[in-house]
>>> print(open('run_1.pdb').read())   # PDB, N, CA and C atoms, pLDDT in the B column
ATOM      1  N   MET A  89      98.902 134.050-122.100  1.00 90.00           N
ATOM      2  CA  MET A  89      98.038 134.278-123.230  1.00 90.00           C
ATOM      3  C   MET A  89      96.644 134.611-122.722  1.00 90.00           C
ATOM      4  N   LYS A  90      96.000 135.556-123.370  1.00 93.00           N
ATOM      5  CA  LYS A  90      94.642 135.946-123.022  1.00 93.00           C
ATOM      6  C   LYS A  90      93.794 135.941-124.282  1.00 93.00           C
ATOM      7  N   ALA A  91      92.550 135.552-124.130  1.00 92.00           N
ATOM      8  CA  ALA A  91      91.586 135.617-125.230  1.00 92.00           C
ATOM      9  C   ALA A  91      90.394 136.422-124.744  1.00 92.00           C
ATOM     10  N   LYS A  92      90.009 137.444-125.514  1.00 93.00           N
ATOM     11  CA  LYS A  92      88.857 138.276-125.167  1.00 93.00           C
ATOM     12  C   LYS A  92      87.940 138.360-126.376  1.00 93.00           C
ATOM     13  N   TYR A  93      86.648 138.165-126.116  1.00 94.00           N
ATOM     14  CA  TYR A  93      85.666 138.306-127.184  1.00 94.00           C
ATOM     15  C   TYR A  93      84.790 139.504-126.862  1.00 94.00           C
ATOM     16  N   PHE A  94      84.684 140.418-127.811  1.00 95.00           N
ATOM     17  CA  PHE A  94      83.866 141.615-127.654  1.00 95.00           C
ATOM     18  C   PHE A  94      82.595 141.415-128.481  1.00 95.00           C
ATOM     19  N   GLN A  95      81.507 141.072-127.796  1.00 94.00           N
ATOM     20  CA  GLN A  95      80.262 140.735-128.470  1.00 94.00           C
ATOM     21  C   GLN A  95      79.692 141.916-129.254  1.00 94.00           C
ATOM     22  N   ASP A  96      79.831 143.129-128.713  1.00 96.00           N
ATOM     23  CA  ASP A  96      79.247 144.298-129.376  1.00 96.00           C
ATOM     24  C   ASP A  96      79.859 144.584-130.744  1.00 96.00           C
ATOM     25  N   THR A  97      81.124 144.195-130.941  1.00 96.00           N
ATOM     26  CA  THR A  97      81.774 144.411-132.241  1.00 96.00           C
ATOM     27  C   THR A  97      82.102 143.100-132.957  1.00 96.00           C
ATOM     28  N   ASP A  98      81.765 141.952-132.334  1.00 96.00           N
ATOM     29  CA  ASP A  98      82.055 140.627-132.885  1.00 96.00           C
ATOM     30  C   ASP A  98      83.537 140.505-133.223  1.00 96.00           C
ATOM     31  N   THR A  99      84.366 140.859-132.234  1.00 96.00           N
ATOM     32  CA  THR A  99      85.818 140.852-132.410  1.00 96.00           C
ATOM     33  C   THR A  99      86.475 139.972-131.351  1.00 96.00           C
ATOM     34  N   MET A 100      87.405 139.135-131.784  1.00 95.00           N
ATOM     35  CA  MET A 100      88.187 138.298-130.881  1.00 95.00           C
ATOM     36  C   MET A 100      89.598 138.871-130.820  1.00 95.00           C
ATOM     37  N   LEU A 101      90.096 139.068-129.603  1.00 96.00           N
ATOM     38  CA  LEU A 101      91.458 139.547-129.397  1.00 96.00           C
ATOM     39  C   LEU A 101      92.235 138.469-128.673  1.00 96.00           C
ATOM     40  N   LEU A 102      93.307 137.999-129.287  1.00 96.00           N
ATOM     41  CA  LEU A 102      94.206 137.026-128.675  1.00 96.00           C
ATOM     42  C   LEU A 102      95.507 137.752-128.350  1.00 96.00           C
ATOM     43  N   GLN A 103      95.853 137.793-127.074  1.00 97.00           N
ATOM     44  CA  GLN A 103      97.072 138.476-126.637  1.00 97.00           C
ATOM     45  C   GLN A 103      98.099 137.436-126.214  1.00 97.00           C
ATOM     46  N   PHE A 104      99.273 137.495-126.826  1.00 96.00           N
ATOM     47  CA  PHE A 104     100.332 136.530-126.562  1.00 96.00           C
ATOM     48  C   PHE A 104     101.447 137.094-125.695  1.00 96.00           C
ATOM     49  N   GLY A 105     101.464 138.385-125.514  1.00 93.00           N
ATOM     50  CA  GLY A 105     102.498 139.025-124.711  1.00 93.00           C
ATOM     51  C   GLY A 105     102.129 140.459-124.424  1.00 93.00           C
ATOM     52  N   THR A 106     103.035 141.161-123.756  1.00 94.00           N
ATOM     53  CA  THR A 106     102.763 142.538-123.363  1.00 94.00           C
ATOM     54  C   THR A 106     103.754 143.530-123.966  1.00 94.00           C
ATOM     55  N   SER A 107     104.568 143.054-124.900  1.00 96.00           N
ATOM     56  CA  SER A 107     105.536 143.942-125.547  1.00 96.00           C
ATOM     57  C   SER A 107     104.814 145.038-126.310  1.00 96.00           C
ATOM     58  N   GLU A 108     105.526 146.132-126.557  1.00 97.00           N
ATOM     59  CA  GLU A 108     104.965 147.232-127.326  1.00 97.00           C
ATOM     60  C   GLU A 108     104.823 146.833-128.793  1.00 97.00           C
ATOM     61  N   VAL A 109     103.656 147.080-129.349  1.00 97.00           N
ATOM     62  CA  VAL A 109     103.397 146.787-130.758  1.00 97.00           C
ATOM     63  C   VAL A 109     104.051 147.866-131.611  1.00 97.00           C
ATOM     64  N   VAL A 110     104.847 147.434-132.603  1.00 98.00           N
ATOM     65  CA  VAL A 110     105.496 148.394-133.498  1.00 98.00           C
ATOM     66  C   VAL A 110     105.002 148.284-134.931  1.00 98.00           C
ATOM     67  N   GLU A 111     104.346 147.163-135.257  1.00 98.00           N
ATOM     68  CA  GLU A 111     103.849 147.006-136.622  1.00 98.00           C
ATOM     69  C   GLU A 111     102.637 146.073-136.624  1.00 98.00           C
ATOM     70  N   THR A 112     101.729 146.346-137.538  1.00 97.00           N
ATOM     71  CA  THR A 112     100.529 145.524-137.710  1.00 97.00           C
ATOM     72  C   THR A 112     100.475 145.024-139.143  1.00 97.00           C
ATOM     73  N   TYR A 113     100.185 143.731-139.283  1.00 97.00           N
ATOM     74  CA  TYR A 113     100.081 143.109-140.597  1.00 97.00           C
ATOM     75  C   TYR A 113      98.658 142.601-140.803  1.00 97.00           C
ATOM     76  N   ASP A 114      98.122 142.787-141.987  1.00 97.00           N
ATOM     77  CA  ASP A 114      96.839 142.224-142.360  1.00 97.00           C
ATOM     78  C   ASP A 114      97.077 140.844-142.958  1.00 97.00           C
ATOM     79  N   LEU A 115      96.570 139.801-142.293  1.00 95.00           N
ATOM     80  CA  LEU A 115      96.655 138.463-142.885  1.00 95.00           C
ATOM     81  C   LEU A 115      95.603 138.310-143.969  1.00 95.00           C
ATOM     82  N   ASN A 116      94.442 138.894-143.712  1.00 96.00           N
ATOM     83  CA  ASN A 116      93.375 138.999-144.709  1.00 96.00           C
ATOM     84  C   ASN A 116      92.492 140.160-144.269  1.00 96.00           C
ATOM     85  N   GLU A 117      91.331 140.313-144.849  1.00 96.00           N
ATOM     86  CA  GLU A 117      90.505 141.487-144.532  1.00 96.00           C
ATOM     87  C   GLU A 117      89.923 141.456-143.124  1.00 96.00           C
ATOM     88  N   ASN A 118      89.991 140.297-142.432  1.00 96.00           N
ATOM     89  CA  ASN A 118      89.413 140.184-141.095  1.00 96.00           C
ATOM     90  C   ASN A 118      90.413 139.856-139.989  1.00 96.00           C
ATOM     91  N   VAL A 119      91.664 139.595-140.324  1.00 97.00           N
ATOM     92  CA  VAL A 119      92.644 139.169-139.323  1.00 97.00           C
ATOM     93  C   VAL A 119      93.871 140.078-139.359  1.00 97.00           C
ATOM     94  N   LEU A 120      94.177 140.652-138.207  1.00 97.00           N
ATOM     95  CA  LEU A 120      95.344 141.518-138.049  1.00 97.00           C
ATOM     96  C   LEU A 120      96.306 140.884-137.048  1.00 97.00           C
ATOM     97  N   VAL A 121      97.595 140.949-137.332  1.00 98.00           N
ATOM     98  CA  VAL A 121      98.621 140.438-136.419  1.00 98.00           C
ATOM     99  C   VAL A 121      99.531 141.592-136.042  1.00 98.00           C
ATOM    100  N   GLU A 122      99.735 141.787-134.741  1.00 98.00           N
ATOM    101  CA  GLU A 122     100.594 142.857-134.245  1.00 98.00           C
ATOM    102  C   GLU A 122     101.893 142.248-133.712  1.00 98.00           C
ATOM    103  N   VAL A 123     103.023 142.846-134.082  1.00 98.00           N
ATOM    104  CA  VAL A 123     104.332 142.333-133.667  1.00 98.00           C
ATOM    105  C   VAL A 123     105.132 143.407-132.936  1.00 98.00           C
ATOM    106  N   ASP A 124     106.110 142.945-132.137  1.00 97.00           N
ATOM    107  CA  ASP A 124     106.976 143.872-131.417  1.00 97.00           C
ATOM    108  C   ASP A 124     108.222 144.177-132.244  1.00 97.00           C
ATOM    109  N   LYS A 125     109.155 144.912-131.671  1.00 97.00           N
ATOM    110  CA  LYS A 125     110.353 145.337-132.411  1.00 97.00           C
ATOM    111  C   LYS A 125     111.235 144.181-132.855  1.00 97.00           C
ATOM    112  N   ASP A 126     111.107 143.017-132.200  1.00 97.00           N
ATOM    113  CA  ASP A 126     111.892 141.842-132.561  1.00 97.00           C
ATOM    114  C   ASP A 126     111.143 140.904-133.496  1.00 97.00           C
ATOM    115  N   GLY A 127     109.945 141.311-133.931  1.00 96.00           N
ATOM    116  CA  GLY A 127     109.164 140.490-134.842  1.00 96.00           C
ATOM    117  C   GLY A 127     108.331 139.416-134.174  1.00 96.00           C
ATOM    118  N   ARG A 128     108.288 139.412-132.839  1.00 97.00           N
ATOM    119  CA  ARG A 128     107.479 138.430-132.114  1.00 97.00           C
ATOM    120  C   ARG A 128     106.017 138.858-132.121  1.00 97.00           C
ATOM    121  N   VAL A 129     105.122 137.896-132.288  1.00 97.00           N
ATOM    122  CA  VAL A 129     103.691 138.187-132.298  1.00 97.00           C
ATOM    123  C   VAL A 129     103.253 138.583-130.892  1.00 97.00           C
ATOM    124  N   VAL A 130     102.639 139.761-130.779  1.00 98.00           N
ATOM    125  CA  VAL A 130     102.127 140.271-129.510  1.00 98.00           C
ATOM    126  C   VAL A 130     100.639 139.962-129.393  1.00 98.00           C
ATOM    127  N   SER A 131      99.900 140.155-130.486  1.00 98.00           N
ATOM    128  CA  SER A 131      98.466 139.901-130.447  1.00 98.00           C
ATOM    129  C   SER A 131      97.918 139.662-131.848  1.00 98.00           C
ATOM    130  N   MET A 132      96.706 139.122-131.865  1.00 97.00           N
ATOM    131  CA  MET A 132      95.997 138.878-133.115  1.00 97.00           C
ATOM    132  C   MET A 132      94.563 139.344-132.914  1.00 97.00           C
ATOM    133  N   THR A 133      94.048 140.113-133.845  1.00 97.00           N
ATOM    134  CA  THR A 133      92.682 140.592-133.801  1.00 97.00           C
ATOM    135  C   THR A 133      91.905 139.953-134.938  1.00 97.00           C
ATOM    136  N   ILE A 134      90.764 139.355-134.591  1.00 96.00           N
ATOM    137  CA  ILE A 134      89.928 138.704-135.592  1.00 96.00           C
ATOM    138  C   ILE A 134      88.579 139.413-135.610  1.00 96.00           C
ATOM    139  N   GLU A 135      88.318 140.117-136.695  1.00 97.00           N
ATOM    140  CA  GLU A 135      87.057 140.824-136.852  1.00 97.00           C
ATOM    141  C   GLU A 135      86.035 139.892-137.487  1.00 97.00           C
ATOM    142  N   HIS A 136      84.750 140.144-137.244  1.00 96.00           N
ATOM    143  CA  HIS A 136      83.679 139.262-137.721  1.00 96.00           C
ATOM    144  C   HIS A 136      83.968 137.839-137.253  1.00 96.00           C
ATOM    145  N   ALA A 137      84.277 137.706-135.978  1.00 95.00           N
ATOM    146  CA  ALA A 137      84.754 136.455-135.399  1.00 95.00           C
ATOM    147  C   ALA A 137      83.768 135.301-135.556  1.00 95.00           C
ATOM    148  N   LYS A 138      82.483 135.557-135.416  1.00 94.00           N
ATOM    149  CA  LYS A 138      81.500 134.471-135.529  1.00 94.00           C
ATOM    150  C   LYS A 138      81.536 133.819-136.907  1.00 94.00           C
ATOM    151  N   ALA A 139      81.878 134.564-137.929  1.00 92.00           N
ATOM    152  CA  ALA A 139      81.980 134.004-139.275  1.00 92.00           C
ATOM    153  C   ALA A 139      83.283 133.223-139.456  1.00 92.00           C
ATOM    154  N   GLN A 140      84.270 133.476-138.587  1.00 87.00           N
ATOM    155  CA  GLN A 140      85.589 132.850-138.708  1.00 87.00           C
ATOM    156  C   GLN A 140      85.730 131.595-137.840  1.00 87.00           C
ATOM    157  N   MET A 141      84.975 131.545-136.712  1.00 88.00           N
ATOM    158  CA  MET A 141      85.157 130.463-135.740  1.00 88.00           C
ATOM    159  C   MET A 141      83.945 130.352-134.841  1.00 88.00           C
ATOM    160  N   ASP A 142      83.927 129.310-134.026  1.00 88.00           N
ATOM    161  CA  ASP A 142      82.888 129.132-133.012  1.00 88.00           C
ATOM    162  C   ASP A 142      83.334 129.887-131.766  1.00 88.00           C
ATOM    163  N   VAL A 143      82.715 131.030-131.517  1.00 87.00           N
ATOM    164  CA  VAL A 143      83.128 131.856-130.378  1.00 87.00           C
ATOM    165  C   VAL A 143      82.421 131.463-129.079  1.00 87.00           C
ATOM    166  N   SER A 144      81.515 130.485-129.144  1.00 87.00           N
ATOM    167  CA  SER A 144      80.772 130.089-127.943  1.00 87.00           C
ATOM    168  C   SER A 144      81.565 129.175-127.027  1.00 87.00           C
ATOM    169  N   GLU A 145      82.683 128.627-127.520  1.00 86.00           N
ATOM    170  CA  GLU A 145      83.467 127.713-126.707  1.00 86.00           C
ATOM    171  C   GLU A 145      84.955 127.945-126.931  1.00 86.00           C
ATOM    172  N   PHE A 146      85.710 127.890-125.847  1.00 82.00           N
ATOM    173  CA  PHE A 146      87.170 128.032-125.928  1.00 82.00           C
ATOM    174  C   PHE A 146      87.774 126.960-125.054  1.00 82.00           C
ATOM    175  N   THR A 147      88.696 126.183-125.577  1.00 86.00           N
ATOM    176  CA  THR A 147      89.378 125.165-124.792  1.00 86.00           C
ATOM    177  C   THR A 147      90.882 125.375-124.895  1.00 86.00           C
ATOM    178  N   TYR A 148      91.562 124.920-123.870  1.00 84.00           N
ATOM    179  CA  TYR A 148      93.011 125.040-123.815  1.00 84.00           C
ATOM    180  C   TYR A 148      93.555 123.706-123.330  1.00 84.00           C
ATOM    181  N   GLN A 149      94.596 123.241-123.978  1.00 87.00           N
ATOM    182  CA  GLN A 149      95.205 121.984-123.565  1.00 87.00           C
ATOM    183  C   GLN A 149      96.713 122.117-123.635  1.00 87.00           C
ATOM    184  N   LEU A 150      97.392 121.779-122.568  1.00 87.00           N
ATOM    185  CA  LEU A 150      98.846 121.782-122.543  1.00 87.00           C
ATOM    186  C   LEU A 150      99.297 120.386-122.939  1.00 87.00           C
ATOM    187  N   ALA A 151      99.956 120.279-124.083  1.00 89.00           N
ATOM    188  CA  ALA A 151     100.429 118.991-124.562  1.00 89.00           C
ATOM    189  C   ALA A 151     101.766 118.679-123.899  1.00 89.00           C
ATOM    190  N   VAL A 152     101.847 117.544-123.263  1.00 88.00           N
ATOM    191  CA  VAL A 152     103.070 117.135-122.577  1.00 88.00           C
ATOM    192  C   VAL A 152     103.781 116.116-123.434  1.00 88.00           C
ATOM    193  N   ALA A 153     105.052 116.387-123.691  1.00 77.00           N
ATOM    194  CA  ALA A 153     105.831 115.481-124.554  1.00 77.00           C
ATOM    195  C   ALA A 153     106.247 114.242-123.825  1.00 77.00           C
TER     196      ALA A 153
END
>>> encode(input="run_1.pdb", output="C-alpha cells")
Amino acid sequence: MKAKYFQDTDTMLLQFGTSEVVETYDLNENVLVEVDKDGRVVSMTIEHAKAQMDVSEFTYQLAVA
C-alpha cells in the first residue's frame, strides 16, 4: 500500500495494488474509488484532502491477532 499527498492540488492518493483499473466509482463529490476487472479496489483518490482529513500526519499499525 502506498499513500501520496499532492500539496499543489490538495489530493491524497491511496494505492492498494498495481492491477489495471477498469472502472471508477464516485463515493461522493470528493472521493473516487478505482477497481480492477475482479472488482478489487486498486486505489482511492481524495480531492480537497485537507477538508476531509488531517494530511499532516500518517500512521500505520499492523494489528496482530
>>> residues_around(input="run_1.pdb", residues="region 124-127 of chain A", least_positions_apart="6", cutoff="8 Å", atoms="only N, CA and C atoms", output="PyMOL selection string")
chain A and resi 107-112
>>> residues_around(input="run_1.pdb", residues="region 128-140 of chain A", least_positions_apart="3", cutoff="8 Å", atoms="only N, CA and C atoms", output="list in words")
Thr97, Asp98, Thr99, Met100, Leu101, Leu102, Gln103, Phe104, Gly105, Thr106, Ser107, Glu108, Val109, Glu117, Asn118, Val119, Leu120, Val121, Glu122, Val123, Asp124, Lys125, Val143 and Ser144 of chain A
>>> select_by_dssp(input="run_1.pdb", residues="region 92-150 of chain A", states="helix (DSSP H, G or I)", output="list in words")
Ala137, Lys138, Ala139 and Gln140 of chain A
>>> axis_aligned_box(input="run_1.pdb", around="region 96-104 of chain A", padding_each_side="5 Å", output="JSON")
{"center_x": 90.3, "center_y": 140.6, "center_z": -129.5, "size_x": 32.2, "size_y": 18.1, "size_z": 17.5}
>>> atom_distance(input="run_1.pdb", atom1="CA of Tyr113 (chain A)", atom2="CA of Ala151 (chain A)")
29.0 Å
>>> atom_distance(input="run_1.pdb", atom1="CA of Met89 (chain A)", atom2="CA of Met141 (chain A)")
18.4 Å
>>> atom_distance(input="run_1.pdb", atom1="atom C of Lys90 (chain A)", atom2="atom C of Val152 (chain A)")
22.2 Å
>>> decode(input="run_1.pdb", residues="chain A", atoms="C-alpha atoms", output="PDB file, in the first residue's frame")
ATOM      1  CA  MET A  89       0.000   0.000   0.000  1.00  0.00           C
ATOM      2  CA  LYS A  90       1.211   3.495  -0.818  1.00  0.00           C
ATOM      3  CA  ALA A  91      -0.094   6.881   0.259  1.00  0.00           C
ATOM      4  CA  LYS A  92       0.849  10.025  -1.678  1.00  0.00           C
ATOM      5  CA  TYR A  93      -0.218  13.565  -0.921  1.00  0.00           C
ATOM      6  CA  PHE A  94      -0.007  16.142  -3.703  1.00  0.00           C
ATOM      7  CA  GLN A  95       0.146  19.524  -1.981  1.00  0.00           C
ATOM      8  CA  ASP A  96      -0.263  21.547  -5.188  1.00  0.00           C
ATOM      9  CA  THR A  97      -3.698  20.011  -5.855  1.00  0.00           C
ATOM     10  CA  ASP A  98      -4.590  19.050  -2.237  1.00  0.00           C
ATOM     11  CA  THR A  99      -5.147  15.462  -3.354  1.00  0.00           C
ATOM     12  CA  MET A 100      -4.457  12.237  -1.457  1.00  0.00           C
ATOM     13  CA  LEU A 101      -3.858   9.065  -3.467  1.00  0.00           C
ATOM     14  CA  LEU A 102      -4.044   5.719  -1.680  1.00  0.00           C
ATOM     15  CA  GLN A 103      -2.792   2.818  -3.799  1.00  0.00           C
ATOM     16  CA  PHE A 104      -3.710  -0.694  -2.682  1.00  0.00           C
ATOM     17  CA  GLY A 105      -2.392  -2.648  -5.647  1.00  0.00           C
ATOM     18  CA  THR A 106      -0.986  -2.455  -9.141  1.00  0.00           C
ATOM     19  CA  SER A 107      -3.768  -4.110 -11.131  1.00  0.00           C
ATOM     20  CA  GLU A 108      -5.150  -2.322 -14.165  1.00  0.00           C
ATOM     21  CA  VAL A 109      -8.043  -0.012 -13.310  1.00  0.00           C
ATOM     22  CA  VAL A 110     -11.164  -0.838 -15.329  1.00  0.00           C
ATOM     23  CA  GLU A 111     -13.789   1.242 -13.543  1.00  0.00           C
ATOM     24  CA  THR A 112     -14.006   4.296 -11.301  1.00  0.00           C
ATOM     25  CA  TYR A 113     -16.783   4.953  -8.807  1.00  0.00           C
ATOM     26  CA  ASP A 114     -17.639   8.260  -7.152  1.00  0.00           C
ATOM     27  CA  LEU A 115     -18.289   7.706  -3.448  1.00  0.00           C
ATOM     28  CA  ASN A 116     -19.119  11.394  -3.164  1.00  0.00           C
ATOM     29  CA  GLU A 117     -18.038  14.597  -4.903  1.00  0.00           C
ATOM     30  CA  ASN A 118     -14.506  14.362  -3.430  1.00  0.00           C
ATOM     31  CA  VAL A 119     -13.737  10.623  -3.236  1.00  0.00           C
ATOM     32  CA  LEU A 120     -13.127   8.296  -6.176  1.00  0.00           C
ATOM     33  CA  VAL A 121     -12.511   4.538  -5.928  1.00  0.00           C
ATOM     34  CA  GLU A 122     -10.834   2.657  -8.777  1.00  0.00           C
ATOM     35  CA  VAL A 123     -11.324  -1.110  -9.163  1.00  0.00           C
ATOM     36  CA  ASP A 124      -9.803  -3.843 -11.318  1.00  0.00           C
ATOM     37  CA  LYS A 125     -11.602  -6.377 -13.527  1.00  0.00           C
ATOM     38  CA  ASP A 126     -12.348  -8.580 -10.494  1.00  0.00           C
ATOM     39  CA  GLY A 127     -13.866  -5.717  -8.501  1.00  0.00           C
ATOM     40  CA  ARG A 128     -10.894  -5.380  -6.141  1.00  0.00           C
ATOM     41  CA  VAL A 129     -10.050  -1.853  -5.003  1.00  0.00           C
ATOM     42  CA  VAL A 130      -6.837  -0.683  -6.698  1.00  0.00           C
ATOM     43  CA  SER A 131      -6.759   2.904  -5.457  1.00  0.00           C
ATOM     44  CA  MET A 132      -8.702   5.708  -3.839  1.00  0.00           C
ATOM     45  CA  THR A 133      -8.369   9.387  -4.708  1.00  0.00           C
ATOM     46  CA  ILE A 134      -9.436  12.014  -2.194  1.00  0.00           C
ATOM     47  CA  GLU A 135      -9.754  15.531  -3.555  1.00  0.00           C
ATOM     48  CA  HIS A 136      -9.750  18.560  -1.224  1.00  0.00           C
ATOM     49  CA  ALA A 137      -7.958  16.264   1.213  1.00  0.00           C
ATOM     50  CA  LYS A 138      -7.299  18.873   3.914  1.00  0.00           C
ATOM     51  CA  ALA A 139     -11.053  19.356   4.309  1.00  0.00           C
ATOM     52  CA  GLN A 140     -11.552  15.567   4.566  1.00  0.00           C
ATOM     53  CA  MET A 141      -8.707  14.594   6.943  1.00  0.00           C
ATOM     54  CA  ASP A 142      -5.537  15.645   8.734  1.00  0.00           C
ATOM     55  CA  VAL A 143      -2.930  15.323   5.993  1.00  0.00           C
ATOM     56  CA  SER A 144      -0.040  16.435   8.232  1.00  0.00           C
ATOM     57  CA  GLU A 145       0.289  13.029   9.883  1.00  0.00           C
ATOM     58  CA  PHE A 146       0.045   9.434   8.684  1.00  0.00           C
ATOM     59  CA  THR A 147       0.385   6.396  10.929  1.00  0.00           C
ATOM     60  CA  TYR A 148       0.328   2.709  10.175  1.00  0.00           C
ATOM     61  CA  GLN A 149      -0.189  -0.114  12.619  1.00  0.00           C
ATOM     62  CA  LEU A 150      -0.210  -3.840  11.937  1.00  0.00           C
ATOM     63  CA  ALA A 151      -2.726  -5.404  14.302  1.00  0.00           C
ATOM     64  CA  VAL A 152      -1.635  -8.846  15.450  1.00  0.00           C
ATOM     65  CA  ALA A 153      -4.373 -11.256  16.431  1.00  0.00           C
TER      66      ALA A 153
END
